[in-house]
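Peer 1: Pasting in a structure now, in structure tokens, and then I'll have a few things to ask.
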Amino acid sequence: MLTTTTIKVLEPGDLDDALAVLDRDPVANAFVAARVQVAGLDPWRLGGEMWGWYVGGRLESLCYAGANLVPVCATSEAVRGFAERARRQGRRCSSIVGPAGPTAELWSLLEPYWGPARELRAHQPLMVTTSTSAEVAPDPYVRRIRKNEMDLIMPACVAMFTEEVGISPMAGDGGLLYQARVAELVGAGRSFARVEDGKVIFKAEIGAATPRACQIQGVWVDPAHRGKGLSETGMAAVLRYALSDVAPVVSLYVNDFNTAARAAYRRVGFEEVGAFMSVLF
């Protein structure tokens with residue numbers, strides 16, 4: 001028996017089917033699910049196309065193709081289909097990111113055409129918690145950043161991004177897109193920091209949020225204040241906000257070589273449940 005497979009760019013009418021796929025793994029799919037729940041499937045609002053992999057007329061896998069290329073619940077067969085479409089279209093993304101297995105398969109097929117990558121992070125532990133830890137008290141000075149405090153938070157955000165990614169987010173368009181994203185998180189009440197003497201010394205954001213899961217990102221401590229435990233107490237504070245105000249499950253992913261951060265997150269209550277992979281261009 002032959003099973004017909006096909007790829008198509010999803011349209012607004014495909015929204016329910018796409019959400020059903022995303023809902024299979026609300027933690028791993030939080031980034032894409034959050035975008036789809038806000039923007040739907042219209043490419044202009046979504047910031048990219050959503051490719052659907054169909055088997056026998058049923059939507060089985062997705063791939064978000066925007067600034068990031070993100071495989072979602074992708075089988076090996078779907079990955080091959082997505083790789084062929086991406087190869088024909090040409091690289092438009094600044095990174096490929098997603099669950100480690102499918103992302104590694106996707107990159108192995110695209111590397112001969114798109115490589116070499118600027119940086120490859122093959123194993124980034126995905127960490128999850130549903131509760132706060134009694135071991136670490138939340139920092140009482142960590143608070144939400146207000147809408148009129150963009151000038152306060154931006155230098156810390158730029159420093160974090162540059163340190164993490166290796167290039168400044170202010171390059172290219174002068175930082176317009178990055179500033180808009182920071183402003184979006186501040187406006188949504190999902191940007192948090194500890195401020196001393198008019199300067200941010202710890203910050204983090206709840207970057208992706210759905211009713212089922214959210215993801216903490218952009219954790220940063222001012223280099224002059226590192227080694228004082230601020231990342232632990234600060235994360236405990238952000239985690240408390242996340243669990244009480246946003247979603248019942250909180251996740252993050254971290255570079256495997258950052259052993260200090262992994263240990264700190266474990267003390268705050270996170271446990272490793274899987275792995276992501278990032279290919280940076």
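By order of appearance in the structure tokens: chains A, B, ..., then residues from 1 within every chain, and ligands from 1 in the order shown.
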Using DSSP secondary structure from the backbone, list all strand (DSSP E or B) positions within region 110-156 of chain A, as an MDAnalysis selection string.
Peer 2: chainID A and resid 119:129 142:144
Peer 1: Using only C-alpha atoms, which residues of region 4-71 of chain A come within 12 Å of region 119-134 of chain A, and what is the closest atom pair for each, with the distance in Å to one decimal? Give it as CSV, sorted by chain and residue number.
Peer 2:
residue,atom,partner,partner_atom,distance
A:Pro26,CA,A:Val128,CA,11.6
A:Val27,CA,A:Val128,CA,8.2
A:Ala28,CA,A:Leu126,CA,8.1
A:Asn29,CA,A:Leu126,CA,11.6
A:Ala30,CA,A:Leu126,CA,11.9
Peer 1: Counting only C-alpha atoms, which residue out of A:Ala180, A:Met150, A:Cys157, A:Val238 sits closest to Trp220 (chain A)?
Peer 2: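 For Trp220 (chain A), the nearest of the given residues is A:Cys157.
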Peer 1: With only C-alpha atoms as the counted atoms, please give the residues lying no more than 12 Å from Pro155 (chain A), apart from itself and same-chain residues fewer than 6 positions off, as number ranges by chain.
Peer 2: A: 149, 161-162, 168-170, 175, 178-179, 182, 198-203, 220, 222
Peer 1: Just the selected residues (all heavy atoms), exported as a tab-separated table (two decimals), in the first residue's frame, please.
Peer 2:
chain	number	residue	atom	x	y	z
A	149	GLU	N	11.18	51.95	30.94
A	149	GLU	CA	12.56	51.63	31.35
A	149	GLU	C	13.35	50.93	30.24
A	149	GLU	O	14.31	50.21	30.53
A	149	GLU	CB	12.53	50.76	32.61
A	149	GLU	CG	12.01	51.49	33.84
A	149	GLU	CD	11.99	50.62	35.08
A	149	GLU	OE1	11.48	49.48	35.02
A	149	GLU	OE2	12.49	51.07	36.13
A	161	PHE	N	23.07	39.17	24.65
A	161	PHE	CA	22.98	38.61	23.30
A	161	PHE	C	24.36	38.48	22.67
A	161	PHE	O	24.70	37.43	22.10
A	161	PHE	CB	22.09	39.51	22.44
A	161	PHE	CG	21.78	38.94	21.07
A	161	PHE	CD1	20.58	38.29	20.83
A	161	PHE	CD2	22.69	39.06	20.02
A	161	PHE	CE1	20.28	37.78	19.58
A	161	PHE	CE2	22.41	38.54	18.77
A	161	PHE	CZ	21.20	37.89	18.55
A	162	THR	N	25.17	39.52	22.80
A	162	THR	CA	26.50	39.51	22.20
A	162	THR	C	27.37	38.42	22.82
A	162	THR	O	28.09	37.70	22.12
A	162	THR	CB	27.17	40.89	22.38
A	162	THR	OG1	26.31	41.89	21.83
A	162	THR	CG2	28.52	40.93	21.66
A	168	SER	N	26.74	41.17	17.77
A	168	SER	CA	25.84	42.15	18.38
A	168	SER	C	24.49	42.16	17.68
A	168	SER	O	24.41	42.12	16.45
A	168	SER	CB	26.45	43.56	18.30
A	168	SER	OG	25.49	44.53	18.70
A	169	PRO	N	23.39	42.26	18.44
A	169	PRO	CA	22.07	42.36	17.81
A	169	PRO	C	21.83	43.72	17.18
A	169	PRO	O	20.82	43.93	16.51
A	169	PRO	CB	21.12	42.12	18.98
A	169	PRO	CG	21.85	42.66	20.17
A	169	PRO	CD	23.30	42.31	19.91
A	170	MET	N	22.77	44.65	17.40
A	170	MET	CA	22.62	46.00	16.84
A	170	MET	C	23.20	46.10	15.43
A	170	MET	O	23.07	47.13	14.78
A	170	MET	CB	23.32	47.03	17.75
A	170	MET	CG	22.93	46.91	19.22
A	170	MET	SD	21.15	46.97	19.49
A	170	MET	CE	20.88	48.75	19.36
A	175	GLY	N	19.72	47.40	15.04
A	175	GLY	CA	19.08	46.87	16.24
A	175	GLY	C	17.58	47.10	16.31
A	175	GLY	O	16.97	46.86	17.35
A	178	TYR	N	15.64	43.87	17.11
A	178	TYR	CA	15.95	43.41	18.46
A	178	TYR	C	15.28	44.32	19.49
A	178	TYR	O	14.68	43.83	20.46
A	178	TYR	CB	17.46	43.37	18.67
A	178	TYR	CG	17.85	42.73	19.99
A	178	TYR	CD1	17.65	41.37	20.21
A	178	TYR	CD2	18.42	43.48	21.02
A	178	TYR	CE1	18.00	40.78	21.42
A	178	TYR	CE2	18.77	42.89	22.22
A	178	TYR	CZ	18.56	41.54	22.41
A	178	TYR	OH	18.89	40.96	23.62
A	179	GLN	N	15.37	45.62	19.28
A	179	GLN	CA	14.72	46.55	20.21
A	179	GLN	C	13.21	46.33	20.24
A	179	GLN	O	12.58	46.41	21.31
A	179	GLN	CB	15.03	47.99	19.81
A	179	GLN	CG	16.48	48.39	20.07
A	179	GLN	CD	16.74	49.83	19.67
A	179	GLN	OE1	16.30	50.75	20.32
A	179	GLN	NE2	17.47	50.02	18.57
A	182	VAL	N	12.57	43.26	22.42
A	182	VAL	CA	12.72	43.58	23.84
A	182	VAL	C	11.52	44.39	24.32
A	182	VAL	O	10.95	44.11	25.39
A	182	VAL	CB	14.04	44.34	24.09
A	182	VAL	CG1	14.11	44.82	25.55
A	182	VAL	CG2	15.24	43.46	23.77
A	198	GLY	N	20.80	52.38	39.45
A	198	GLY	CA	20.42	52.71	38.08
A	198	GLY	C	20.99	51.80	37.02
A	198	GLY	O	20.99	52.14	35.83
A	199	LYS	N	21.46	50.62	37.44
A	199	LYS	CA	22.07	49.68	36.49
A	199	LYS	C	21.54	48.28	36.72
A	199	LYS	O	21.39	47.83	37.87
A	199	LYS	CB	23.59	49.71	36.66
A	199	LYS	CG	24.36	48.92	35.61
A	199	LYS	CD	25.86	49.05	35.82
A	199	LYS	CE	26.63	48.26	34.77
A	199	LYS	NZ	28.09	48.30	35.02
A	200	VAL	N	21.28	47.56	35.63
A	200	VAL	CA	20.82	46.18	35.73
A	200	VAL	C	21.99	45.27	36.09
A	200	VAL	O	23.02	45.27	35.40
A	200	VAL	CB	20.19	45.72	34.39
A	200	VAL	CG1	19.90	44.23	34.40
A	200	VAL	CG2	18.91	46.51	34.11
A	201	ILE	N	21.83	44.49	37.15
A	201	ILE	CA	22.90	43.54	37.51
A	201	ILE	C	22.48	42.09	37.32
A	201	ILE	O	23.32	41.19	37.30
A	201	ILE	CB	23.42	43.78	38.94
A	201	ILE	CG1	22.33	43.51	39.98
A	201	ILE	CG2	23.97	45.20	39.09
A	201	ILE	CD1	22.88	43.45	41.41
A	202	PHE	N	21.16	41.84	37.18
A	202	PHE	CA	20.64	40.53	36.79
A	202	PHE	C	19.41	40.78	35.95
A	202	PHE	O	18.64	41.70	36.21
A	202	PHE	CB	20.23	39.69	38.01
A	202	PHE	CG	19.35	38.50	37.64
A	202	PHE	CD1	19.90	37.29	37.28
A	202	PHE	CD2	17.95	38.63	37.62
A	202	PHE	CE1	19.09	36.21	36.91
A	202	PHE	CE2	17.14	37.56	37.26
A	202	PHE	CZ	17.72	36.35	36.90
A	203	LYS	N	19.24	39.93	34.90
A	203	LYS	CA	18.00	40.04	34.11
A	203	LYS	C	17.69	38.71	33.45
A	203	LYS	O	18.56	37.85	33.24
A	203	LYS	CB	18.09	41.17	33.08
A	203	LYS	CG	19.04	40.93	31.93
A	203	LYS	CD	18.25	40.60	30.68
A	203	LYS	CE	19.10	40.16	29.54
A	203	LYS	NZ	18.35	39.36	28.56
A	220	TRP	N	21.13	36.67	32.45
A	220	TRP	CA	22.42	37.39	32.40
A	220	TRP	C	22.70	38.05	33.74
A	220	TRP	O	21.80	38.59	34.38
A	220	TRP	CB	22.36	38.45	31.31
A	220	TRP	CG	23.60	39.27	31.13
A	220	TRP	CD1	24.73	38.95	30.41
A	220	TRP	CD2	23.85	40.58	31.66
A	220	TRP	NE1	25.65	39.97	30.46
A	220	TRP	CE2	25.14	40.99	31.22
A	220	TRP	CE3	23.11	41.45	32.46
A	220	TRP	CZ2	25.69	42.22	31.56
A	220	TRP	CZ3	23.66	42.68	32.82
A	220	TRP	CH2	24.93	43.05	32.37
A	222	ASP	N	25.56	40.80	35.41
A	222	ASP	CA	26.66	41.73	35.15
A	222	ASP	C	27.98	41.07	35.57
A	222	ASP	O	28.09	40.53	36.68
A	222	ASP	CB	26.43	43.01	35.97
A	222	ASP	CG	27.47	44.08	35.70
A	222	ASP	OD1	28.68	43.78	35.76
A	222	ASP	OD2	27.08	45.22	35.42
Peer 1: Show which residues sit within 7 Å of region 95-98 of chain A, as a PyMOL selection string. Count only C-alpha atoms, and ignore same-chain residues fewer than 5 positions away.
Peer 2: chain A and resi 68-71+103+276-281
Peer 1: Just write the chosen residues, all heavy atoms, as a CSV table (one decimal), in the first residue's frame.
Peer 2:
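Listing of selection_0.csv after writing:
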chain,number,residue,atom,x,y,z
A,68,ASN,N,14.4,31.9,12.1
A,68,ASN,CA,14.9,30.6,12.5
A,68,ASN,C,14.2,29.5,11.7
A,68,ASN,O,13.1,29.7,11.3
A,68,ASN,CB,14.6,30.3,14.0
A,68,ASN,CG,14.9,31.5,14.9
A,68,ASN,OD1,13.9,32.1,15.3
A,68,ASN,ND2,16.1,31.7,15.2
A,69,LEU,N,14.9,28.4,11.5
A,69,LEU,CA,14.3,27.2,10.9
A,69,LEU,C,14.1,26.2,12.0
A,69,LEU,O,15.1,25.8,12.6
A,69,LEU,CB,15.2,26.7,9.8
A,69,LEU,CG,14.6,25.6,8.8
A,69,LEU,CD1,13.5,26.2,8.0
A,69,LEU,CD2,15.7,25.0,7.9
A,70,VAL,N,12.9,25.8,12.3
A,70,VAL,CA,12.6,25.0,13.4
A,70,VAL,C,11.7,23.8,13.1
A,70,VAL,O,10.5,24.0,12.8
A,70,VAL,CB,11.8,25.9,14.5
A,70,VAL,CG1,11.7,25.1,15.8
A,70,VAL,CG2,12.5,27.2,14.8
A,71,PRO,N,12.3,22.6,13.1
A,71,PRO,CA,11.4,21.4,12.9
A,71,PRO,C,10.6,21.1,14.1
A,71,PRO,O,11.0,21.2,15.3
A,71,PRO,CB,12.5,20.3,12.7
A,71,PRO,CG,13.7,20.8,13.4
A,71,PRO,CD,13.7,22.3,13.4
A,103,THR,N,16.9,18.2,14.4
A,103,THR,CA,17.7,19.3,14.0
A,103,THR,C,19.0,18.8,13.5
A,103,THR,O,19.5,19.3,12.5
A,103,THR,CB,17.9,20.3,15.2
A,103,THR,OG1,16.6,20.7,15.7
A,103,THR,CG2,18.7,21.5,14.7
A,276,PHE,N,18.1,20.3,23.0
A,276,PHE,CA,18.0,21.1,21.8
A,276,PHE,C,19.3,21.1,21.1
A,276,PHE,O,20.4,20.7,21.6
A,276,PHE,CB,17.5,22.5,22.2
A,276,PHE,CG,16.0,22.6,22.2
A,276,PHE,CD1,15.2,21.7,22.8
A,276,PHE,CD2,15.4,23.8,21.7
A,276,PHE,CE1,13.9,21.9,22.9
A,276,PHE,CE2,14.1,24.0,21.8
A,276,PHE,CZ,13.3,23.0,22.4
A,277,MET,N,19.3,21.6,19.9
A,277,MET,CA,20.5,21.8,19.1
A,277,MET,C,20.3,23.1,18.3
A,277,MET,O,19.2,23.5,17.9
A,277,MET,CB,20.7,20.7,18.1
A,277,MET,CG,21.9,20.9,17.1
A,277,MET,SD,22.1,19.4,16.0
A,277,MET,CE,23.3,20.1,14.9
A,278,SER,N,21.4,23.9,18.2
A,278,SER,CA,21.4,25.2,17.5
A,278,SER,C,22.5,25.2,16.5
A,278,SER,O,23.6,24.9,16.8
A,278,SER,CB,21.5,26.4,18.5
A,278,SER,OG,20.4,26.4,19.4
A,279,VAL,N,22.2,25.6,15.3
A,279,VAL,CA,23.2,25.9,14.2
A,279,VAL,C,23.1,27.4,13.9
A,279,VAL,O,22.1,27.9,13.5
A,279,VAL,CB,22.8,25.1,12.9
A,279,VAL,CG1,23.9,25.3,11.9
A,279,VAL,CG2,22.7,23.6,13.3
A,280,LEU,N,24.2,28.1,14.2
A,280,LEU,CA,24.2,29.5,14.0
A,280,LEU,C,25.0,29.9,12.8
A,280,LEU,O,26.1,29.4,12.5
A,280,LEU,CB,24.9,30.2,15.3
A,280,LEU,CG,24.3,29.8,16.6
A,280,LEU,CD1,25.1,30.5,17.8
A,280,LEU,CD2,22.8,30.1,16.7
A,281,PHE,N,24.4,30.8,12.0
A,281,PHE,CA,25.1,31.3,10.8
A,281,PHE,C,25.7,32.7,10.9
A,281,PHE,O,25.3,33.4,11.8
A,281,PHE,CB,24.1,31.3,9.6
A,281,PHE,CG,23.6,29.9,9.3
A,281,PHE,CD1,22.3,29.6,9.6
A,281,PHE,CD2,24.4,28.9,8.7
A,281,PHE,CE1,21.8,28.3,9.4
A,281,PHE,CE2,23.9,27.7,8.5
A,281,PHE,CZ,22.6,27.3,8.8
Peer 1: Applying 7 Å and only C-alpha atoms, which residues near Gly207 (chain A) remain after dropping the ones on its own chain fewer than 6 positions away? List them as a list of chain:residue names.
Peer 2: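 Residues meeting the cut-off are A:Gln215, A:Ile216, A:Gln217.
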Peer 1: I need the residues from that last selection saved to file as an mmCIF file, in the first residue's frame (with N, CA, C and O atoms), if you can.
Peer 2:
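Final output, saved to part_34.cif:
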data_model
loop_
_atom_site.group_PDB
_atom_site.id
_atom_site.type_symbol
_atom_site.label_atom_id
_atom_site.label_comp_id
_atom_site.auth_asym_id
_atom_site.auth_seq_id
_atom_site.Cartn_x
_atom_site.Cartn_y
_atom_site.Cartn_z
ATOM 1 N N GLN A 215 8.872 29.560 28.489
ATOM 2 C CA GLN A 215 10.314 29.334 28.393
ATOM 3 C C GLN A 215 11.064 30.573 28.861
ATOM 4 O O GLN A 215 10.831 31.671 28.348
ATOM 5 N N ILE A 216 11.949 30.394 29.833
ATOM 6 C CA ILE A 216 12.794 31.487 30.311
ATOM 7 C C ILE A 216 14.016 31.587 29.406
ATOM 8 O O ILE A 216 14.595 30.576 29.005
ATOM 9 N N GLN A 217 14.395 32.808 29.065
ATOM 10 C CA GLN A 217 15.544 33.024 28.182
ATOM 11 C C GLN A 217 16.308 34.272 28.636
ATOM 12 O O GLN A 217 15.863 35.011 29.514
#
Peer 1: Counting only C-alpha atoms, which residue out of A:Val32, A:Arg85, A:Glu135, A:Leu46 sits closest to Cys73 (chain A)?
Peer 2: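 Of A:Val32, A:Arg85, A:Glu135, A:Leu46, the one nearest Cys73 (chain A), counting only C-alpha atoms, is A:Val32.
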Peer 1: Separation of CA of Leu41 (chain A) and CA of Glu11 (chain A), in Å?
Peer 2: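 Result for CA of Leu41 (chain A) versus CA of Glu11 (chain A): 5.7 Å, one decimal.
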Peer 1: Mind listing the helix (DSSP H, G or I) residues of region 34-281 of chain A, per DSSP on the backbone, as a PyMOL selection string?
Peer 2: chain A and resi 34-39+43-46+76-89+100-114+147-165+176-187+223-225+230-245+259-268
Peer 1: Using only C-alpha atoms, which protein or nucleic acid residues come within 7 Å of Ala236 (chain A)? Drop anything in the same chain fewer than 6 positions from it, and give the result as a PDB file with C-alpha atoms, in the first residue's frame.
Peer 2:
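This went into result.pdb:
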ATOM      1  CA  THR A 132       9.843  26.316  42.927  1.00  0.00           C
ATOM      2  CA  VAL A 136      16.915  28.780  46.926  1.00  0.00           C
ATOM      3  CA  ALA A 137      15.033  31.831  48.180  1.00  0.00           C
ATOM      4  CA  PRO A 138      13.819  34.175  45.403  1.00  0.00           C
ATOM      5  CA  VAL A 268      16.468  26.258  41.586  1.00  0.00           C
TER       6      VAL A 268
END
Peer 1: Which neighbours of Tyr265 (chain A) fall inside 10 Å, counting only C-alpha atoms, when residues of the same chain fewer than 2 positions from it are skipped, and could you give them as a list of chain:residue names?
Peer 2: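 With the cut-off at 10 Å, the set is A:Met127, A:Val128, A:Thr129, A:Ser231, A:Glu232, A:Met235, A:Ala236, A:Leu252, A:Val254, A:Thr259, A:Ala260, A:Ala261, A:Arg262, A:Ala263, A:Arg267, A:Val268, A:Gly269, A:Phe270, A:Glu271, A:Glu272.
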